[in-house]
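Printed here is work.csv (CSV, C-alpha atoms and all ligand atoms):
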chain,number,residue,atom,x,y,z
A,1,MET,CA,17.8,3.0,-11.4
A,2,LEU,CA,19.8,0.5,-9.4
A,3,ALA,CA,21.0,-2.5,-11.4
A,4,SER,CA,20.1,-4.9,-8.6
A,5,LEU,CA,16.5,-3.6,-8.6
A,6,ALA,CA,16.2,-3.7,-12.4
A,7,ALA,CA,17.4,-7.3,-12.3
A,8,LEU,CA,14.5,-8.5,-10.1
A,9,PRO,CA,11.9,-10.2,-12.3
A,10,THR,CA,8.5,-8.6,-12.6
A,11,VAL,CA,5.2,-9.6,-14.2
A,12,PRO,CA,3.6,-6.9,-16.4
A,13,LEU,CA,0.4,-6.4,-14.4
A,14,ALA,CA,0.4,-2.7,-14.0
A,15,SER,CA,0.5,0.3,-16.3
A,16,VAL,CA,3.2,2.3,-14.6
A,17,PRO,CA,4.3,5.1,-14.3
A,18,SER,CA,1.1,6.3,-12.6
A,19,PRO,CA,0.3,9.9,-13.1
A,20,VAL,CA,1.4,12.8,-10.8
A,21,GLU,CA,-0.9,15.8,-10.5
A,22,GLU,CA,-1.0,19.1,-8.8
A,23,ILE,CA,-4.1,19.5,-6.5
A,24,ALA,CA,-4.3,23.3,-6.4
A,25,ARG,CA,-8.0,23.6,-5.8
A,26,PHE,CA,-7.7,21.2,-2.8
A,27,ARG,CA,-4.7,23.2,-1.5
A,28,ALA,CA,-6.7,26.5,-1.7
A,29,ALA,CA,-9.6,24.9,0.1
A,30,ILE,CA,-7.4,23.9,3.1
A,31,GLY,CA,-5.9,27.4,3.3
A,32,ALA,CA,-2.9,27.2,1.0
A,33,GLY,CA,0.4,26.1,2.6
A,34,PRO,CA,3.0,24.3,0.5
A,35,ARG,CA,2.5,23.2,-3.1
A,36,LEU,CA,0.6,19.9,-3.1
A,37,LEU,CA,1.0,17.1,-5.6
A,38,ILE,CA,-0.7,13.7,-5.6
A,39,LYS,CA,0.8,10.4,-7.0
A,40,ARG,CA,-2.1,8.5,-8.5
A,41,ASP,CA,-1.4,4.8,-7.7
A,42,ASP,CA,-5.2,4.7,-7.3
A,43,ALA,CA,-5.2,5.2,-11.1
A,44,ILE,CA,-3.0,2.2,-11.9
A,45,GLY,CA,-4.9,0.5,-14.7
A,46,PHE,CA,-5.1,-3.0,-13.3
A,47,ALA,CA,-8.0,-4.4,-11.3
A,48,PHE,CA,-8.7,-1.0,-9.6
A,49,GLY,CA,-5.0,-0.4,-8.9
A,50,GLY,CA,-3.4,0.6,-5.7
A,51,ASN,CA,-0.1,0.0,-3.9
A,52,LYS,CA,-0.6,-3.8,-3.8
A,53,VAL,CA,-0.5,-4.0,-7.6
A,54,ARG,CA,3.0,-2.5,-7.5
A,55,LYS,CA,4.1,-5.0,-4.9
A,56,LEU,CA,2.5,-7.9,-6.7
A,57,ARG,CA,4.4,-7.2,-9.9
A,58,PHE,CA,7.5,-8.4,-8.0
A,59,VAL,CA,6.0,-10.9,-5.6
A,60,ALA,CA,3.9,-12.8,-8.2
A,61,ALA,CA,7.0,-13.0,-10.5
A,62,ASP,CA,8.7,-14.8,-7.6
A,63,ALA,CA,5.8,-17.1,-7.3
A,64,ILE,CA,6.0,-17.9,-11.0
A,65,ALA,CA,9.7,-18.4,-10.8
A,66,GLN,CA,9.2,-20.9,-8.0
A,67,GLY,CA,6.7,-22.9,-10.1
A,68,ALA,CA,3.7,-22.0,-8.0
A,69,ASP,CA,0.2,-22.9,-9.2
A,70,THR,CA,-1.8,-21.2,-6.3
A,71,LEU,CA,-1.4,-17.8,-4.6
A,72,ILE,CA,-2.6,-17.8,-0.9
A,73,THR,CA,-2.9,-14.6,1.1
A,74,ALA,CA,-5.0,-13.0,3.8
A,75,GLY,CA,-6.6,-9.8,4.9
A,76,GLY,CA,-9.8,-8.3,6.2
A,77,VAL,CA,-13.0,-9.1,4.4
A,78,GLN,CA,-12.6,-5.9,2.4
A,79,SER,CA,-8.9,-6.3,1.9
A,80,ASN,CA,-7.4,-4.4,-1.1
A,81,HIS,CA,-4.4,-6.7,-1.0
A,82,ALA,CA,-6.6,-9.8,-1.2
A,83,ARG,CA,-8.5,-8.3,-4.3
A,84,ALA,CA,-5.2,-7.4,-6.0
A,85,THR,CA,-3.8,-10.9,-5.3
A,86,ALA,CA,-6.9,-12.5,-6.7
A,87,ALA,CA,-6.6,-10.3,-9.7
A,88,ALA,CA,-2.9,-11.2,-10.2
A,89,ALA,CA,-3.7,-14.9,-9.9
A,90,ALA,CA,-6.5,-14.5,-12.5
A,91,LYS,CA,-4.3,-12.7,-14.9
A,92,LEU,CA,-1.5,-15.2,-14.5
A,93,GLY,CA,-3.7,-18.3,-14.7
A,94,LEU,CA,-3.1,-19.3,-11.1
A,95,HIS,CA,-5.5,-20.4,-8.4
A,96,CYS,CA,-6.1,-18.1,-5.5
A,97,ILE,CA,-7.1,-18.8,-1.9
A,98,LEU,CA,-7.9,-15.9,0.3
A,99,VAL,CA,-8.2,-16.1,4.1
A,100,ALA,CA,-10.4,-13.3,5.4
A,101,ASN,CA,-11.0,-12.3,9.0
A,102,GLY,CA,-14.4,-11.0,9.7
A,103,VAL,CA,-18.0,-11.5,8.7
A,104,PRO,CA,-18.7,-12.2,5.0
A,105,PRO,CA,-20.8,-9.4,3.6
A,106,ASP,CA,-24.2,-10.7,2.4
A,107,PRO,CA,-24.6,-10.0,-0.4
A,108,PRO,CA,-20.9,-9.6,-1.3
A,109,THR,CA,-19.8,-6.0,-1.8
A,110,GLY,CA,-16.7,-4.0,-2.6
A,111,ASN,CA,-13.4,-6.0,-2.6
A,112,ALA,CA,-15.3,-9.2,-1.4
A,113,LEU,CA,-17.5,-9.0,-4.5
A,114,LEU,CA,-14.5,-8.5,-6.8
A,115,GLY,CA,-12.6,-11.4,-5.2
A,116,ARG,CA,-15.6,-13.6,-6.1
A,117,TYR,CA,-15.7,-12.3,-9.7
A,118,LEU,CA,-12.0,-13.0,-10.0
A,119,GLY,CA,-12.5,-16.6,-9.1
A,120,ALA,CA,-10.7,-16.6,-5.7
A,121,GLU,CA,-11.8,-19.1,-3.0
A,122,THR,CA,-12.3,-17.2,0.2
A,123,ARG,CA,-12.1,-18.9,3.7
A,124,PHE,CA,-13.3,-16.9,6.6
A,125,VAL,CA,-11.7,-16.9,10.0
A,126,GLN,CA,-12.6,-15.1,13.2
A,127,SER,CA,-9.6,-12.9,14.0
A,128,ARG,CA,-6.4,-11.5,12.7
A,129,ALA,CA,-4.5,-14.1,14.7
A,130,ASP,CA,-6.2,-16.9,12.9
A,131,ARG,CA,-5.0,-15.8,9.5
A,132,ALA,CA,-1.4,-17.0,9.3
A,133,PRO,CA,-2.2,-20.5,10.6
A,134,ALA,CA,-5.2,-20.7,8.2
A,135,MET,CA,-2.9,-19.8,5.3
A,136,GLU,CA,-0.3,-22.4,6.4
A,137,ALA,CA,-3.0,-25.0,6.8
A,138,ALA,CA,-4.4,-24.3,3.3
A,139,ALA,CA,-0.8,-24.5,1.8
A,140,GLY,CA,-0.1,-27.8,3.7
A,141,VAL,CA,-3.3,-29.4,2.3
A,142,LEU,CA,-2.3,-28.4,-1.3
A,143,ARG,CA,1.3,-29.5,-0.9
A,144,ARG,CA,0.2,-33.0,0.3
A,145,VAL,CA,-1.6,-33.5,-3.0
A,146,GLY,CA,1.3,-32.3,-5.1
A,147,ARG,CA,0.2,-28.8,-5.7
A,148,ARG,CA,2.6,-25.7,-5.5
A,149,PRO,CA,1.1,-23.1,-3.2
A,150,TYR,CA,2.9,-19.7,-2.7
A,151,VAL,CA,1.9,-17.9,0.5
A,152,ILE,CA,2.1,-14.1,0.4
A,153,PRO,CA,2.2,-12.5,3.9
A,154,ILE,CA,-0.2,-9.8,4.8
A,155,GLY,CA,0.0,-6.8,2.5
A,156,ALA,CA,2.8,-8.4,0.5
A,157,SER,CA,5.0,-6.5,2.9
A,158,THR,CA,8.1,-8.5,2.4
A,159,PRO,CA,11.5,-7.0,1.3
A,160,LEU,CA,10.5,-8.1,-2.3
A,161,GLY,CA,7.2,-6.3,-2.1
A,162,ALA,CA,8.9,-3.2,-0.6
A,163,ALA,CA,11.4,-3.3,-3.5
A,164,ALA,CA,8.5,-2.2,-5.7
A,165,PHE,CA,8.4,1.1,-3.8
A,166,VAL,CA,12.1,1.6,-4.2
A,167,GLY,CA,11.4,1.4,-7.9
A,168,ALA,CA,8.4,3.8,-7.4
A,169,VAL,CA,10.8,6.4,-6.0
A,170,TYR,CA,12.9,6.2,-9.1
A,171,GLU,CA,9.7,6.4,-11.1
A,172,ILE,CA,8.6,9.6,-9.5
A,173,LEU,CA,12.0,11.3,-9.7
A,174,GLU,CA,11.7,10.9,-13.5
A,175,GLN,CA,8.4,12.8,-13.3
A,176,ILE,CA,9.1,15.6,-10.8
A,177,ASP,CA,11.8,17.3,-8.8
A,178,PRO,CA,12.3,15.6,-5.4
A,179,PRO,CA,9.4,16.7,-3.1
A,180,ASP,CA,10.3,17.9,0.4
A,181,VAL,CA,7.8,15.6,2.0
A,182,ILE,CA,5.9,12.5,1.0
A,183,VAL,CA,2.8,11.7,3.1
A,184,HIS,CA,1.1,8.3,2.7
A,185,SER,CA,-1.0,5.6,4.4
A,186,THR,CA,0.9,2.9,6.3
A,187,SER,CA,-0.3,-0.3,7.7
A,188,SER,CA,1.8,-3.4,7.1
A,189,GLY,CA,4.9,-1.3,6.4
A,190,GLY,CA,6.1,-2.4,3.0
A,191,THR,CA,5.1,0.8,1.2
A,192,GLN,CA,6.9,2.9,3.7
A,193,ALA,CA,10.0,0.7,3.8
A,194,GLY,CA,10.3,0.9,0.1
A,195,LEU,CA,9.8,4.7,0.0
A,196,VAL,CA,12.3,5.3,2.7
A,197,ALA,CA,14.9,3.0,1.2
A,198,GLY,CA,14.2,4.5,-2.3
A,199,CYS,CA,14.7,8.1,-1.1
A,200,THR,CA,17.9,7.0,0.7
A,201,LEU,CA,19.3,5.2,-2.4
A,202,ALA,CA,18.4,8.0,-4.8
A,203,GLY,CA,20.1,10.4,-2.5
A,204,VAL,CA,17.2,12.8,-2.0
A,205,ARG,CA,16.4,14.5,1.2
A,206,THR,CA,12.7,13.9,1.1
A,207,ARG,CA,11.0,13.3,4.4
A,208,VAL,CA,8.6,10.3,4.3
A,209,ILE,CA,5.7,10.4,6.8
A,210,GLY,CA,3.5,7.3,7.1
A,211,ILE,CA,0.1,8.0,8.6
A,212,SER,CA,-1.0,4.8,10.4
A,213,ALA,CA,-4.3,3.2,9.5
A,214,ASP,CA,-4.3,0.9,12.6
A,215,GLU,CA,-1.0,0.0,14.4
A,216,SER,CA,0.8,2.1,17.0
A,217,ALA,CA,3.9,4.0,15.7
A,218,GLU,CA,6.1,1.9,17.9
A,219,SER,CA,4.9,-1.5,16.5
A,220,LEU,CA,4.7,-0.2,12.9
A,221,SER,CA,8.2,1.3,13.0
A,222,ARG,CA,9.5,-2.1,14.1
A,223,ASP,CA,7.8,-3.7,11.1
A,224,VAL,CA,9.2,-1.1,8.7
A,225,ARG,CA,12.7,-1.6,10.1
A,226,ARG,CA,12.4,-5.4,9.8
A,227,ILE,CA,11.5,-5.0,6.1
A,228,LEU,CA,14.4,-2.5,5.6
A,229,ASP,CA,16.8,-5.1,7.2
A,230,GLY,CA,15.8,-7.6,4.5
A,231,LEU,CA,15.7,-5.0,1.7
A,232,GLY,CA,19.4,-4.1,1.9
A,233,PRO,CA,20.7,-7.6,1.2
A,234,LEU,CA,18.0,-8.2,-1.4
A,235,LEU,CA,19.3,-5.1,-3.3
A,236,GLY,CA,22.9,-6.2,-2.9
A,237,PHE,CA,23.9,-4.0,0.0
A,238,GLU,CA,25.4,-5.0,3.4
A,239,PRO,CA,22.9,-5.9,6.1
A,240,GLY,CA,22.3,-2.7,8.2
A,241,LYS,CA,22.4,-0.5,5.1
A,242,PHE,CA,19.2,1.3,6.3
A,243,ALA,CA,19.8,0.9,10.0
A,244,ASP,CA,20.1,4.7,10.6
A,245,VAL,CA,17.5,6.0,8.3
A,246,PRO,CA,14.6,7.8,10.0
A,247,VAL,CA,11.3,6.0,10.0
A,248,GLU,CA,8.5,8.6,10.7
A,249,ILE,CA,5.1,7.3,11.7
A,250,ASP,CA,2.2,9.4,12.8
A,251,GLU,CA,-0.4,7.4,14.8
A,252,ASP,CA,-2.7,10.3,15.6
A,253,PHE,CA,-5.3,9.8,12.8
A,254,ILE,CA,-6.4,6.2,13.5
A,255,GLY,CA,-9.4,7.3,15.5
A,256,ASP,CA,-11.3,4.4,17.0
A,257,GLY,CA,-9.5,1.8,14.9
A,258,TYR,CA,-9.0,0.0,11.6
A,259,GLY,CA,-11.7,0.7,9.1
A,260,ILE,CA,-13.6,3.0,11.4
A,261,SER,CA,-13.9,6.5,9.8
A,262,THR,CA,-13.4,9.7,11.8
A,263,PRO,CA,-15.0,13.1,11.2
A,264,GLU,CA,-11.6,14.2,9.7
A,265,SER,CA,-11.3,11.3,7.4
A,266,ARG,CA,-14.9,11.8,6.1
A,267,ALA,CA,-14.1,15.5,5.5
A,268,ALA,CA,-11.0,14.5,3.6
A,269,ILE,CA,-13.0,12.2,1.3
A,270,GLU,CA,-15.5,14.9,0.6
A,271,LEU,CA,-13.0,17.8,0.1
A,272,LEU,CA,-10.8,15.9,-2.3
A,273,ALA,CA,-13.8,14.7,-4.3
A,274,ARG,CA,-15.4,18.1,-4.5
A,275,THR,CA,-12.2,20.0,-5.4
A,276,GLU,CA,-10.3,17.5,-7.5
A,277,ALA,CA,-12.7,14.6,-8.4
A,278,ILE,CA,-10.3,12.2,-6.8
A,279,PHE,CA,-11.7,9.5,-4.4
A,280,LEU,CA,-10.0,8.4,-1.2
A,281,ASP,CA,-10.9,5.2,0.6
A,282,PRO,CA,-12.2,5.2,4.2
A,283,THR,CA,-9.8,2.8,5.8
A,284,TYR,CA,-6.4,4.0,4.6
A,285,THR,CA,-6.0,7.0,2.3
A,286,ALA,CA,-8.7,9.2,3.9
A,287,LYS,CA,-7.0,9.0,7.3
A,288,ALA,CA,-3.6,9.7,5.6
A,289,MET,CA,-5.1,12.8,3.9
A,290,ALA,CA,-6.7,13.9,7.2
A,291,GLY,CA,-3.2,13.8,8.6
A,292,LEU,CA,-1.8,15.8,5.7
A,293,MET,CA,-4.6,18.4,6.1
A,294,ALA,CA,-3.9,18.7,9.9
A,295,HIS,CA,-0.2,19.1,9.4
A,296,VAL,CA,-0.7,21.8,6.7
A,297,ARG,CA,-3.1,23.7,8.9
A,298,ARG,CA,-0.8,23.4,11.9
A,299,GLY,CA,2.1,24.8,9.8
A,300,THR,CA,4.2,21.6,10.3
A,301,PHE,CA,5.4,21.9,6.6
A,302,SER,CA,5.9,25.6,6.6
A,303,GLY,CA,9.5,25.2,5.4
A,304,ALA,CA,8.5,22.8,2.7
A,305,GLY,CA,8.2,23.8,-1.0
A,306,THR,CA,6.4,20.7,-2.1
A,307,VAL,CA,4.4,18.0,-0.3
A,308,LEU,CA,3.4,14.9,-2.2
A,309,PHE,CA,0.5,12.8,-1.2
A,310,TRP,CA,1.1,9.2,-2.3
A,311,HIS,CA,-2.4,7.9,-3.1
A,312,THR,CA,-2.2,4.2,-2.4
A,313,GLY,CA,-5.6,3.3,-3.8
A,314,GLY,CA,-8.4,1.4,-2.0
A,315,GLN,CA,-11.3,3.3,-3.5
A,316,VAL,CA,-13.2,0.0,-4.0
A,317,ALA,CA,-14.0,0.1,-0.3
A,318,LEU,CA,-16.3,3.0,-0.9
A,319,PHE,CA,-18.7,0.4,-2.3
A,320,SER,CA,-18.4,-2.0,0.7
B,401,LIG,C1,-5.3,1.5,0.0
B,401,LIG,C2,-4.1,1.1,0.9
B,401,LIG,N1,-3.3,2.1,1.3
B,401,LIG,C3,-2.3,1.8,2.1
B,401,LIG,C4,-2.0,0.6,2.6
B,401,LIG,C5,-0.9,0.4,3.5
B,401,LIG,O1,0.2,-0.1,2.8
B,401,LIG,P1,1.3,-1.1,3.5
B,401,LIG,O2,0.5,-2.3,3.9
B,401,LIG,O3,2.3,-1.3,2.5
B,401,LIG,O4,1.8,-0.4,4.7
B,401,LIG,C6,-2.9,-0.5,2.2
B,401,LIG,C7,-2.7,-1.8,2.8
B,401,LIG,O5,-3.5,-2.7,2.9
B,401,LIG,C8,-4.0,-0.2,1.4
B,401,LIG,O6,-4.8,-1.2,1.0
Same coordinates, now as structure tokens:
Amino acid sequence: MLASLAALPTVPLASVPSPVEEIARFRAAIGAGPRLLIKRDDAIGFAFGGNKVRKLRFVAADAIAQGADTLITAGGVQSNHARATAAAAAKLGLHCILVANGVPPDPPTGNALLGRYLGAETRFVQSRADRAPAMEAAAGVLRRVGRRPYVIPIGASTPLGAAAFVGAVYEILEQIDPPDVIVHSTSSGGTQAGLVAGCTLAGVRTRVIGISADESAESLSRDVRRILDGLGPLLGFEPGKFADVPVEIDEDFIGDGYGISTPESRAAIELLARTEAIFLDPTYTAKAMAGLMAHVRRGTFSGAGTVLFWHTGGQVALFS
């Protein structure tokens, strides 16, 4: 483990390491191909887990270090990141304001329901573009009355959030030999930036493929590269440390858009449940698994010994 990473403060939200399992029955059902493993961040034992819990271990620690009394973040009405932030705030004794774009579910379901149980105050806005100004406005109001808000950008996809996934690479390398390929869902880019940087720093030749949940490969690779640019200095390296690393994003499984399932993503949910009793979520991980299945069937990974699916959580959305 890198000393600079180990020196970053964390709060003990999550029970990590998360398990890694072989999914042999799923592999047989999709017609064999490379050995398939799954990293179970969906099974992280804090507030229904997921990749955002990993990131918040670092980001919430920074909020505490800065003396924050309120966490503010944003997402869609069924945002996993919003639920994980509300959970971190509850556990740490902080207030939480969530800015959600979309129509509030009535009655509240899924992550929206959990956010309410966790005591977060949710403010609804119309569009994605309204979210950042609404967060800043909420923070401004609190600052004026002497409170200490801490604004967490969408998905906690900052260099600090991504550092959690650098650590996650070291975690998995204690559990298994380096896989040839990691496939995972990508959206705001922090998970992918961390995985790519982690594999580079650990000196493994693992190919990391992010399957986009919404954005084009072009715009998402810009986001991942921007996070990587900040991650180098955060970890004590020169700027540009990760300038030449490959960032692979597959935009072919988005279908009609964010949160809209496809025949392939529905098939992925059913097949993984029926063969392994593991649940994917419709917005992120089912599309990523649909991507993995398509690549295996096309023979893209024929030279690979092991492909690891990094399950980033989100299963609460099945109840939305
Ligand atoms: C379940 C799940 N998987 C994957 C992602 C994408 O991760 P990132 O935003 O770090 O790209 C998200 C983000 O919201 C998520 O909730």
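CA of Met289 in chain A lies 8.3 Å from CA of Ile269 in chain A.
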Mind pulling up the distance from CA of Pro17 in chain A to CA of Ala43 in chain A? 10.0 Å
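Take CA of Gly102 in chain A and CA of Gly75 in chain A: the distance between them is 9.2 Å.
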Throw together the list of residues within 6 Å of ligand LIG 401 (chain B), counting only C-alpha atoms and all ligand atoms, and drop it here as a VMD selection string. chain A and resid 80 to 81 155 157 185 to 191 284 to 285 312 to 314
Can you pull out the residues contacting Val77 in chain A? Cut-off 12 Å, using only C-alpha atoms, and skip same-chain residues under 6 positions away; I want them as a PDB file with C-alpha atoms, in the frame of the given file.
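Now in part.pdb:
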ATOM      1  CA  ARG A  83      -8.500  -8.300  -4.300  1.00  0.00           C
ATOM      2  CA  LEU A  98      -7.900 -15.900   0.300  1.00  0.00           C
ATOM      3  CA  VAL A  99      -8.200 -16.100   4.100  1.00  0.00           C
ATOM      4  CA  ALA A 100     -10.400 -13.300   5.400  1.00  0.00           C
ATOM      5  CA  ASN A 101     -11.000 -12.300   9.000  1.00  0.00           C
ATOM      6  CA  GLY A 102     -14.400 -11.000   9.700  1.00  0.00           C
ATOM      7  CA  VAL A 103     -18.000 -11.500   8.700  1.00  0.00           C
ATOM      8  CA  PRO A 104     -18.700 -12.200   5.000  1.00  0.00           C
ATOM      9  CA  PRO A 105     -20.800  -9.400   3.600  1.00  0.00           C
ATOM     10  CA  ASP A 106     -24.200 -10.700   2.400  1.00  0.00           C
ATOM     11  CA  PRO A 108     -20.900  -9.600  -1.300  1.00  0.00           C
ATOM     12  CA  THR A 109     -19.800  -6.000  -1.800  1.00  0.00           C
ATOM     13  CA  GLY A 110     -16.700  -4.000  -2.600  1.00  0.00           C
ATOM     14  CA  ASN A 111     -13.400  -6.000  -2.600  1.00  0.00           C
ATOM     15  CA  ALA A 112     -15.300  -9.200  -1.400  1.00  0.00           C
ATOM     16  CA  LEU A 113     -17.500  -9.000  -4.500  1.00  0.00           C
ATOM     17  CA  LEU A 114     -14.500  -8.500  -6.800  1.00  0.00           C
ATOM     18  CA  GLY A 115     -12.600 -11.400  -5.200  1.00  0.00           C
ATOM     19  CA  ARG A 116     -15.600 -13.600  -6.100  1.00  0.00           C
ATOM     20  CA  THR A 122     -12.300 -17.200   0.200  1.00  0.00           C
ATOM     21  CA  ARG A 123     -12.100 -18.900   3.700  1.00  0.00           C
ATOM     22  CA  PHE A 124     -13.300 -16.900   6.600  1.00  0.00           C
ATOM     23  CA  VAL A 125     -11.700 -16.900  10.000  1.00  0.00           C
ATOM     24  CA  GLN A 126     -12.600 -15.100  13.200  1.00  0.00           C
ATOM     25  CA  SER A 127      -9.600 -12.900  14.000  1.00  0.00           C
ATOM     26  CA  ARG A 128      -6.400 -11.500  12.700  1.00  0.00           C
ATOM     27  CA  ARG A 131      -5.000 -15.800   9.500  1.00  0.00           C
ATOM     28  CA  GLY A 259     -11.700   0.700   9.100  1.00  0.00           C
ATOM     29  CA  ALA A 317     -14.000   0.100  -0.300  1.00  0.00           C
ATOM     30  CA  SER A 320     -18.400  -2.000   0.700  1.00  0.00           C
TER      31      SER A 320
END
